[in-house]
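The data block below is entry_30.cif; it holds mmCIF, C-alpha atoms and all ligand atoms.
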```
data_final
loop_
_atom_site.group_PDB
_atom_site.id
_atom_site.type_symbol
_atom_site.label_atom_id
_atom_site.label_comp_id
_atom_site.auth_asym_id
_atom_site.auth_seq_id
_atom_site.Cartn_x
_atom_site.Cartn_y
_atom_site.Cartn_z
ATOM 1 C CA MET A 1 33.778 21.138 -68.820
ATOM 2 C CA SER A 2 35.853 17.989 -68.806
ATOM 3 C CA LEU A 3 37.908 18.291 -65.595
ATOM 4 C CA THR A 4 36.511 17.355 -62.193
ATOM 5 C CA LEU A 5 38.589 17.431 -59.026
ATOM 6 C CA HIS A 6 37.421 14.994 -56.368
ATOM 7 C CA GLU A 7 38.547 16.671 -53.187
ATOM 8 C CA HIS A 8 37.847 18.207 -49.842
ATOM 9 C CA PRO A 9 38.772 21.874 -49.275
ATOM 10 C CA PHE A 10 40.382 21.131 -45.895
ATOM 11 C CA ALA A 11 42.444 18.118 -47.064
ATOM 12 C CA SER A 12 46.098 19.019 -47.327
ATOM 13 C CA TYR A 13 46.976 16.993 -50.415
ATOM 14 C CA CYS A 14 43.944 18.441 -52.204
ATOM 15 C CA TRP A 15 45.419 21.907 -51.667
ATOM 16 C CA LYS A 16 48.363 20.894 -53.829
ATOM 17 C CA ALA A 17 46.066 20.183 -56.778
ATOM 18 C CA LEU A 18 43.927 23.256 -56.116
ATOM 19 C CA VAL A 19 46.948 25.569 -56.038
ATOM 20 C CA ALA A 20 48.013 24.133 -59.416
ATOM 21 C CA LEU A 21 44.517 24.599 -60.882
ATOM 22 C CA TYR A 22 44.406 28.231 -59.721
ATOM 23 C CA GLU A 23 47.959 28.904 -60.887
ATOM 24 C CA ARG A 24 47.122 27.625 -64.351
ATOM 25 C CA ASP A 25 43.646 29.198 -64.346
ATOM 26 C CA VAL A 26 42.098 25.971 -65.576
ATOM 27 C CA PRO A 27 38.288 25.663 -65.424
ATOM 28 C CA PHE A 28 37.149 22.646 -63.424
ATOM 29 C CA GLU A 29 34.306 21.274 -61.384
ATOM 30 C CA ARG A 30 34.632 20.160 -57.788
ATOM 31 C CA ASN A 31 33.213 17.037 -56.253
ATOM 32 C CA GLN A 32 33.504 17.364 -52.501
ATOM 33 C CA ILE A 33 34.135 14.095 -50.687
ATOM 34 C CA ASP A 34 32.249 14.371 -47.408
ATOM 35 C CA ASP A 35 31.202 10.941 -46.219
ATOM 36 C CA GLU A 36 31.595 7.207 -46.634
ATOM 37 C CA ALA A 37 29.157 7.114 -49.562
ATOM 38 C CA ASP A 38 31.297 9.698 -51.398
ATOM 39 C CA ARG A 39 34.401 7.627 -50.560
ATOM 40 C CA ALA A 40 32.770 4.515 -51.995
ATOM 41 C CA GLN A 41 32.092 6.395 -55.243
ATOM 42 C CA LEU A 42 35.651 7.690 -55.293
ATOM 43 C CA ALA A 43 36.892 4.106 -54.892
ATOM 44 C CA GLU A 44 35.290 3.336 -58.247
ATOM 45 C CA LEU A 45 37.744 5.781 -59.815
ATOM 46 C CA TRP A 46 40.719 4.906 -57.600
ATOM 47 C CA PRO A 47 40.550 1.847 -55.334
ATOM 48 C CA MET A 48 42.555 3.519 -52.536
ATOM 49 C CA ALA A 49 39.941 6.322 -52.459
ATOM 50 C CA SER A 50 42.568 8.872 -51.430
ATOM 51 C CA MET A 51 42.100 12.503 -52.418
ATOM 52 C CA PRO A 52 42.743 14.274 -54.703
ATOM 53 C CA VAL A 53 41.707 12.509 -57.884
ATOM 54 C CA ILE A 54 41.405 14.439 -61.132
ATOM 55 C CA GLU A 55 38.939 13.085 -63.645
ATOM 56 C CA ASP A 56 39.141 14.107 -67.275
ATOM 57 C CA THR A 57 35.958 12.881 -68.880
ATOM 58 C CA ALA A 58 37.000 14.025 -72.367
ATOM 59 C CA ALA A 59 40.182 11.927 -72.160
ATOM 60 C CA GLY A 60 38.451 9.119 -70.242
ATOM 61 C CA ILE A 61 40.987 9.049 -67.407
ATOM 62 C CA ALA A 62 41.072 9.536 -63.660
ATOM 63 C CA LEU A 63 44.401 10.185 -61.954
ATOM 64 C CA PRO A 64 45.151 9.958 -58.218
ATOM 65 C CA GLU A 65 48.263 11.176 -56.342
ATOM 66 C CA SER A 66 48.634 14.924 -55.998
ATOM 67 C CA THR A 67 52.032 15.075 -57.698
ATOM 68 C CA ILE A 68 50.682 13.287 -60.761
ATOM 69 C CA VAL A 69 47.607 15.512 -60.760
ATOM 70 C CA VAL A 70 49.840 18.608 -60.831
ATOM 71 C CA GLU A 71 51.923 17.112 -63.618
ATOM 72 C CA TYR A 72 48.763 16.393 -65.638
ATOM 73 C CA LEU A 73 47.527 19.958 -65.203
ATOM 74 C CA ASP A 74 50.598 21.270 -67.028
ATOM 75 C CA ARG A 75 48.749 20.246 -70.227
ATOM 76 C CA PHE A 76 46.069 22.875 -69.606
ATOM 77 C CA GLY A 77 46.169 26.675 -69.599
ATOM 78 C CA ASP A 78 48.887 29.067 -70.688
ATOM 79 C CA ALA A 79 50.810 29.602 -67.453
ATOM 80 C CA PRO A 80 54.460 28.515 -67.250
ATOM 81 C CA PRO A 81 54.732 24.775 -66.490
ATOM 82 C CA LEU A 82 54.806 23.695 -62.856
ATOM 83 C CA ILE A 83 57.332 21.054 -63.857
ATOM 84 C CA PRO A 84 59.971 23.107 -65.656
ATOM 85 C CA THR A 85 60.943 22.054 -69.158
ATOM 86 C CA GLU A 86 64.668 22.350 -68.427
ATOM 87 C CA PRO A 87 65.710 18.886 -67.121
ATOM 88 C CA GLU A 88 67.847 20.023 -64.151
ATOM 89 C CA ALA A 89 65.153 22.445 -63.011
ATOM 90 C CA ALA A 90 62.553 19.664 -63.383
ATOM 91 C CA LEU A 91 64.666 17.380 -61.175
ATOM 92 C CA ARG A 92 64.923 20.073 -58.516
ATOM 93 C CA ALA A 93 61.143 20.632 -58.581
ATOM 94 C CA ARG A 94 60.499 16.906 -58.225
ATOM 95 C CA LEU A 95 63.085 16.566 -55.462
ATOM 96 C CA TRP A 96 61.617 19.296 -53.278
ATOM 97 C CA ASP A 97 58.096 18.035 -53.964
ATOM 98 C CA ARG A 98 59.196 14.642 -52.588
ATOM 99 C CA VAL A 99 60.846 16.330 -49.594
ATOM 100 C CA MET A 100 57.672 18.277 -48.833
ATOM 101 C CA ASP A 101 55.443 15.207 -49.052
ATOM 102 C CA GLY A 102 57.747 12.745 -47.307
ATOM 103 C CA ARG A 103 59.447 14.889 -44.703
ATOM 104 C CA VAL A 104 56.862 17.545 -43.923
ATOM 105 C CA GLN A 105 53.367 16.273 -44.840
ATOM 106 C CA THR A 106 53.980 12.744 -43.573
ATOM 107 C CA PRO A 107 55.049 13.688 -40.024
ATOM 108 C CA MET A 108 52.446 16.478 -39.933
ATOM 109 C CA GLN A 109 49.714 13.965 -40.868
ATOM 110 C CA LYS A 110 51.009 11.574 -38.219
ATOM 111 C CA VAL A 111 50.420 14.174 -35.503
ATOM 112 C CA VAL A 112 46.991 15.182 -36.840
ATOM 113 C CA LEU A 113 45.713 11.651 -37.478
ATOM 114 C CA ASP A 114 46.949 10.416 -34.124
ATOM 115 C CA ASN A 115 44.827 13.051 -32.455
ATOM 116 C CA LEU A 116 41.768 11.679 -34.268
ATOM 117 C CA ARG A 117 42.258 8.186 -32.819
ATOM 118 C CA PRO A 118 39.872 6.900 -30.165
ATOM 119 C CA GLU A 119 40.832 7.639 -26.560
ATOM 120 C CA GLY A 120 43.571 5.349 -25.306
ATOM 121 C CA THR A 121 44.800 4.224 -28.725
ATOM 122 C CA GLY A 122 47.238 7.090 -29.332
ATOM 123 C CA ASP A 123 50.896 6.703 -30.187
ATOM 124 C CA PRO A 124 52.777 9.305 -28.071
ATOM 125 C CA ARG A 125 56.201 7.985 -29.097
ATOM 126 C CA GLY A 126 55.236 8.207 -32.782
ATOM 127 C CA ILE A 127 54.048 11.795 -32.258
ATOM 128 C CA GLU A 128 57.309 12.685 -30.561
ATOM 129 C CA GLU A 129 59.238 11.185 -33.490
ATOM 130 C CA ALA A 130 57.066 13.041 -35.995
ATOM 131 C CA ARG A 131 57.694 16.372 -34.234
ATOM 132 C CA ALA A 132 61.437 15.574 -34.153
ATOM 133 C CA ALA A 133 61.306 14.839 -37.903
ATOM 134 C CA LEU A 134 59.800 18.288 -38.493
ATOM 135 C CA ASP A 135 62.484 19.896 -36.338
ATOM 136 C CA GLN A 136 65.082 18.139 -38.484
ATOM 137 C CA ILE A 137 63.730 19.237 -41.864
ATOM 138 C CA TYR A 138 62.997 22.909 -41.053
ATOM 139 C CA PRO A 139 66.675 24.038 -41.045
ATOM 140 C CA VAL A 140 67.268 22.088 -44.271
ATOM 141 C CA LEU A 141 64.433 24.019 -45.907
ATOM 142 C CA ASP A 142 65.792 27.280 -44.500
ATOM 143 C CA GLU A 143 69.169 26.524 -46.068
ATOM 144 C CA GLN A 144 67.564 25.609 -49.411
ATOM 145 C CA LEU A 145 65.696 28.921 -49.386
ATOM 146 C CA ARG A 146 68.737 31.049 -48.542
ATOM 147 C CA GLY A 147 69.154 33.898 -50.968
ATOM 148 C CA GLY A 148 65.509 34.132 -51.984
ATOM 149 C CA GLY A 149 63.413 32.659 -54.738
ATOM 150 C CA TRP A 150 60.965 29.803 -54.681
ATOM 151 C CA LEU A 151 61.654 26.381 -53.207
ATOM 152 C CA ALA A 152 63.250 24.791 -56.263
ATOM 153 C CA GLY A 153 64.702 27.896 -57.918
ATOM 154 C CA PRO A 154 63.592 31.177 -59.464
ATOM 155 C CA ASP A 155 60.204 29.925 -60.711
ATOM 156 C CA PHE A 156 57.076 28.793 -58.880
ATOM 157 C CA THR A 157 56.833 25.012 -59.417
ATOM 158 C CA LEU A 158 55.314 21.749 -58.272
ATOM 159 C CA ALA A 159 57.559 22.027 -55.204
ATOM 160 C CA ASP A 160 55.782 25.202 -54.110
ATOM 161 C CA CYS A 161 52.358 23.618 -54.715
ATOM 162 C CA ALA A 162 53.477 20.878 -52.310
ATOM 163 C CA ALA A 163 54.983 23.330 -49.837
ATOM 164 C CA ALA A 164 51.793 25.383 -49.426
ATOM 165 C CA PRO A 165 49.719 22.796 -47.529
ATOM 166 C CA ALA A 166 52.731 21.057 -46.011
ATOM 167 C CA LEU A 167 54.026 24.192 -44.289
ATOM 168 C CA PHE A 168 50.595 25.604 -43.465
ATOM 169 C CA TYR A 169 49.560 22.486 -41.548
ATOM 170 C CA ALA A 170 53.021 21.629 -40.206
ATOM 171 C CA ARG A 171 53.178 25.087 -38.633
ATOM 172 C CA LEU A 172 49.986 24.224 -36.740
ATOM 173 C CA VAL A 173 51.457 21.100 -35.165
ATOM 174 C CA ARG A 174 55.096 22.193 -34.792
ATOM 175 C CA ARG A 175 56.020 25.843 -35.196
ATOM 176 C CA TRP A 176 59.525 26.452 -36.458
ATOM 177 C CA ASP A 177 61.807 29.060 -34.942
ATOM 178 C CA GLU A 178 60.536 31.944 -37.064
ATOM 179 C CA GLU A 179 63.353 34.353 -36.206
ATOM 180 C CA GLY A 180 66.158 31.807 -36.370
ATOM 181 C CA LEU A 181 64.953 30.279 -39.642
ATOM 182 C CA ALA A 182 64.358 33.626 -41.312
ATOM 183 C CA ASP A 183 64.562 32.368 -44.902
ATOM 184 C CA LEU A 184 61.930 29.725 -44.281
ATOM 185 C CA THR A 185 59.765 32.363 -42.603
ATOM 186 C CA ARG A 186 60.237 34.811 -45.489
ATOM 187 C CA TYR A 187 59.388 32.089 -48.009
ATOM 188 C CA TYR A 188 56.309 30.950 -46.111
ATOM 189 C CA GLY A 189 55.013 34.532 -45.903
ATOM 190 C CA THR A 190 55.433 35.036 -49.652
ATOM 191 C CA LEU A 191 53.887 31.651 -50.400
ATOM 192 C CA ALA A 192 50.848 32.168 -48.182
ATOM 193 C CA ALA A 193 50.223 35.581 -49.783
ATOM 194 C CA ARG A 194 50.342 34.270 -53.360
ATOM 195 C CA PRO A 195 46.779 34.526 -54.737
ATOM 196 C CA SER A 196 46.430 30.806 -55.569
ATOM 197 C CA VAL A 197 47.542 29.828 -52.065
ATOM 198 C CA ALA A 198 45.620 32.580 -50.240
ATOM 199 C CA ARG A 199 42.472 31.410 -52.059
ATOM 200 C CA VAL A 200 42.964 27.808 -50.958
ATOM 201 C CA ILE A 201 43.566 28.896 -47.361
ATOM 202 C CA ASP A 202 40.362 30.967 -47.473
ATOM 203 C CA GLU A 203 38.282 28.171 -48.971
ATOM 204 C CA ALA A 204 39.384 25.842 -46.179
ATOM 205 C CA ARG A 205 38.515 28.340 -43.411
ATOM 206 C CA PRO A 206 34.913 27.122 -42.850
ATOM 207 C CA PHE A 207 36.222 23.622 -42.084
ATOM 208 C CA ARG A 208 38.679 24.501 -39.326
ATOM 209 C CA GLU A 209 36.448 22.849 -36.738
ATOM 210 C CA PHE A 210 37.577 19.497 -38.223
ATOM 211 C CA PHE A 211 41.092 20.100 -36.932
ATOM 212 C CA PRO A 212 41.543 17.873 -33.876
ATOM 213 C CA LEU A 213 43.969 20.157 -31.976
ATOM 214 C CA PRO A 214 43.409 23.693 -30.654
ATOM 215 C CA TRP A 215 43.812 26.203 -33.488
ATOM 216 C CA PRO A 216 46.849 28.357 -32.604
ATOM 217 C CA ASP A 217 46.438 32.140 -32.402
ATOM 218 C CA TYR A 218 49.493 32.686 -34.613
ATOM 219 C CA VAL A 219 47.778 31.059 -37.662
ATOM 220 C CA ASP A 220 45.271 33.298 -39.452
HETATM 221 N N1 LIG D 301 50.111 10.419 -51.687
HETATM 222 C C1 LIG D 301 48.756 10.874 -51.760
HETATM 223 C C2 LIG D 301 48.266 11.182 -50.376
HETATM 224 C C3 LIG D 301 46.815 11.595 -50.392
HETATM 225 C C4 LIG D 301 46.204 11.668 -49.006
HETATM 226 O O1 LIG D 301 46.785 11.268 -47.986
HETATM 227 N N2 LIG D 301 45.009 12.229 -48.989
HETATM 228 C C5 LIG D 301 44.257 12.270 -47.759
HETATM 229 C C6 LIG D 301 43.531 13.575 -47.642
HETATM 230 S S1 LIG D 301 44.700 14.893 -47.440
HETATM 231 C C7 LIG D 301 43.259 11.161 -47.819
HETATM 232 O O2 LIG D 301 42.530 11.020 -48.790
HETATM 233 N N3 LIG D 301 43.302 10.362 -46.771
HETATM 234 C C8 LIG D 301 42.414 9.249 -46.631
HETATM 235 C C9 LIG D 301 42.907 8.002 -47.252
HETATM 236 O O3 LIG D 301 44.011 7.954 -47.802
HETATM 237 O O4 LIG D 301 42.128 7.042 -47.185
HETATM 238 C C10 LIG D 301 48.680 12.089 -52.685
HETATM 239 O O5 LIG D 301 49.706 12.769 -52.871
HETATM 240 O O6 LIG D 301 47.615 12.348 -53.251
#
```
The structure in this file should be written as structure tokens.
Ligand SMILES: N[C@@H](CCC(=O)N[C@@H](CS)C(=O)NCC(=O)O)C(=O)O
Amino acid sequence: MSLTLHEHPFASYCWKALVALYERDVPFERNQIDDEADRAQLAELWPMASMPVIEDTAAGIALPESTIVVEYLDRFGDAPPLIPTEPEAALRARLWDRVMDGRVQTPMQKVVLDNLRPEGTGDPRGIEEARAALDQIYPVLDEQLRGGGWLAGPDFTLADCAAAPALFYARLVRRWDEEGLADLTRYYGTLAARPSVARVIDEARPFREFFPLPWPDYVD
């Protein structure tokens, strides 16, 4: 086996790569990053030591950044590409991937990471701004999803790989108005039930104690 994913099952950006691996049914090994020693080893592959990193020993490369990992995985397996071959569709997939990372994951991470800071070093104003940023993007997503389909069009793409962890974790820190934003709610339900995504959610279940805020009853 030549592919190894350096990851942690609870880490949101790792979900993006895992969803892509399951979608494409690509065999791979996992190297779970648990502690500082693992991080130091990861830094030998990628100096920033962020996860995920995909290592392809046959090709002699290691790639960081979840979006790039997903793009690389399109070379493996027989499933339809996660970055569509049609240029306009590819642009849409990349656009909504960027929106998910920048406008959903980033504020969501701000709230989560702030709650891991030592007592007295929190940033309440930053948290408030992050929650406001989520409130601003949710209706935009609802509008984008009007009429059905996946996030970037009729096919499941990179954008949906990004949306799975972004929306799962964002919903924990700032629930959207599930009745008012019915298209977002419909999309999220379909996404969370997709086998690749449901599997990733299940694999992360044993690690929920790492979450620094109370786990809400409305999230299974
Ligand atoms: N832009 C990066 C973000 C990756 C990221 O933030 N990963 C988190 C885990 S979800 C991490 O490794 N954080 C620790 C760090 O960056 O040192 C990507 O898309 O891969």
ask   = When you draw a straight line from atom CA of Thr106 of chain A to atom CA of Arg174 of chain A, how long is it in Å?
value =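 The value is 12.9 Å.
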key: Atom-to-atom span, atom CA of Asp123 of chain A and atom CA of Pro212 of chain A, Å   =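 For atom CA of Asp123 of chain A relative to atom CA of Pro212 of chain A, the distance reads 15.0 Å.
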message = Between atom CA of Trp176 of chain A and atom CA of Val104 of chain A, what is the distance in Å, rounded to a tenth?
response =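 The value is 11.9 Å.
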inquiry  = Residues within 12 Å of segment 145-154 of chain A, please, as number ranges by chain. Count all atoms listed in the file; anything in the same chain fewer than 3 positions from it doesn't count.
reply    = A: 82-84, 86, 88-100, 138-142, 157-164, 167, 181-191, 194
task = Kindly work out which residues sit at most 7 Å from ligand LIG 301 (chain D), using only C-alpha atoms and all ligand atoms, and give the list as a PyMOL selection string.
result = chain A and resi 11-14+48-52+64-67
Reference answer for the PyMOL selection byres (((chain A and resi 115-117) around 12) and not hetatm), as a PyMOL selection string = chain A and resi 108-114+118-124+126-127+173+210-214
task = For Pro81 of chain A, work out the shell of residues within 10 Å, counting only C-alpha atoms and skipping chain neighbours fewer than 4 positions away, then give it as a list of chain:residue names.
result =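 Returned residues: A:Ala20, A:Glu23, A:Arg24, A:Val70, A:Glu71, A:Leu73, A:Asp74, A:Arg75, A:Phe76, A:Gly77, A:Thr85, A:Ala90, A:Asp155, A:Phe156, A:Thr157, A:Leu158.
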task = List the residues matched by the PyMOL selection byres (((chain A and resi 42) around 10) and not hetatm) in the displayed structure as an MDAnalysis selection string, ordered by chain and then by residue number.
result = chainID A and resid 6:7 31 33 36:41 43:53
Can I get all heavy atoms for segment 27-38 of chain A, as a compact mmCIF listing (two decimals), in the first residue's frame?
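Now in decode.txt:
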```txt
# COMPACT_ATOMS: atom_id res chain seq x y z
N PRO A 27 -7.66 2.37 -1.10
CA PRO A 27 -7.01 1.77 0.08
C PRO A 27 -5.92 2.68 0.62
O PRO A 27 -5.17 3.29 -0.15
CB PRO A 27 -6.40 0.46 -0.45
CG PRO A 27 -6.68 0.40 -1.91
CD PRO A 27 -7.36 1.66 -2.34
N PHE A 28 -5.84 2.77 1.94
CA PHE A 28 -4.81 3.62 2.55
C PHE A 28 -4.55 3.16 3.97
O PHE A 28 -5.36 2.44 4.56
CB PHE A 28 -5.24 5.11 2.56
CG PHE A 28 -6.39 5.41 3.48
CD1 PHE A 28 -6.17 6.06 4.69
CD2 PHE A 28 -7.69 5.05 3.16
CE1 PHE A 28 -7.22 6.36 5.56
CE2 PHE A 28 -8.75 5.32 4.03
CZ PHE A 28 -8.52 5.97 5.22
N GLU A 29 -3.41 3.58 4.48
CA GLU A 29 -3.12 3.34 5.89
C GLU A 29 -3.31 4.64 6.65
O GLU A 29 -3.20 5.71 6.06
CB GLU A 29 -1.68 2.84 6.07
CG GLU A 29 -1.58 1.37 5.71
CD GLU A 29 -0.17 0.83 5.74
OE1 GLU A 29 0.74 1.56 6.16
OE2 GLU A 29 -0.01 -0.31 5.30
N ARG A 30 -3.54 4.50 7.96
CA ARG A 30 -3.72 5.71 8.77
C ARG A 30 -2.58 5.80 9.76
O ARG A 30 -2.20 4.79 10.35
CB ARG A 30 -5.02 5.62 9.58
CG ARG A 30 -6.23 5.33 8.75
CD ARG A 30 -7.44 5.08 9.64
NE ARG A 30 -7.99 6.32 10.10
CZ ARG A 30 -9.29 6.65 9.96
NH1 ARG A 30 -10.14 5.83 9.38
NH2 ARG A 30 -9.72 7.80 10.40
N ASN A 31 -2.06 6.99 9.93
CA ASN A 31 -1.12 7.24 11.02
C ASN A 31 -1.75 8.29 11.92
O ASN A 31 -1.83 9.46 11.53
CB ASN A 31 0.23 7.72 10.48
CG ASN A 31 1.18 8.06 11.61
OD1 ASN A 31 1.17 7.40 12.66
ND2 ASN A 31 1.97 9.10 11.45
N GLN A 32 -2.21 7.86 13.07
CA GLN A 32 -2.91 8.78 13.96
C GLN A 32 -1.92 9.65 14.72
O GLN A 32 -0.98 9.15 15.35
CB GLN A 32 -3.78 7.98 14.93
CG GLN A 32 -4.71 8.87 15.74
CD GLN A 32 -5.78 8.06 16.45
OE1 GLN A 32 -6.45 7.22 15.84
NE2 GLN A 32 -5.96 8.31 17.73
N ILE A 33 -2.15 10.96 14.64
CA ILE A 33 -1.28 11.93 15.32
C ILE A 33 -1.90 12.21 16.69
O ILE A 33 -2.94 12.86 16.78
CB ILE A 33 -1.16 13.24 14.49
CG1 ILE A 33 -0.75 12.94 13.05
CG2 ILE A 33 -0.22 14.24 15.16
CD1 ILE A 33 0.60 12.29 12.88
N ASP A 34 -1.24 11.70 17.73
CA ASP A 34 -1.82 11.81 19.07
C ASP A 34 -1.10 12.79 19.98
O ASP A 34 -1.71 13.43 20.81
CB ASP A 34 -1.80 10.44 19.76
CG ASP A 34 -2.93 9.55 19.27
OD1 ASP A 34 -4.07 10.05 19.14
OD2 ASP A 34 -2.68 8.36 19.02
N ASP A 35 0.23 12.86 19.84
CA ASP A 35 0.97 13.64 20.84
C ASP A 35 2.09 14.45 20.17
O ASP A 35 2.24 14.43 18.95
CB ASP A 35 1.52 12.71 21.93
CG ASP A 35 2.36 11.57 21.33
OD1 ASP A 35 2.92 11.78 20.22
OD2 ASP A 35 2.43 10.50 21.94
N GLU A 36 2.86 15.11 21.02
CA GLU A 36 3.92 15.98 20.50
C GLU A 36 4.96 15.20 19.71
O GLU A 36 5.52 15.71 18.74
CB GLU A 36 4.57 16.76 21.66
CG GLU A 36 3.69 17.87 22.21
CD GLU A 36 3.12 18.79 21.12
OE1 GLU A 36 3.89 19.25 20.25
OE2 GLU A 36 1.90 19.02 21.11
N ALA A 37 5.25 13.98 20.13
CA ALA A 37 6.24 13.16 19.41
C ALA A 37 5.73 12.88 17.99
O ALA A 37 6.49 12.97 17.01
CB ALA A 37 6.51 11.86 20.16
N ASP A 38 4.43 12.56 17.88
CA ASP A 38 3.84 12.33 16.55
C ASP A 38 3.91 13.60 15.71
O ASP A 38 4.20 13.56 14.51
CB ASP A 38 2.37 11.90 16.67
CG ASP A 38 2.21 10.57 17.38
OD1 ASP A 38 3.19 9.81 17.44
OD2 ASP A 38 1.10 10.31 17.89
```
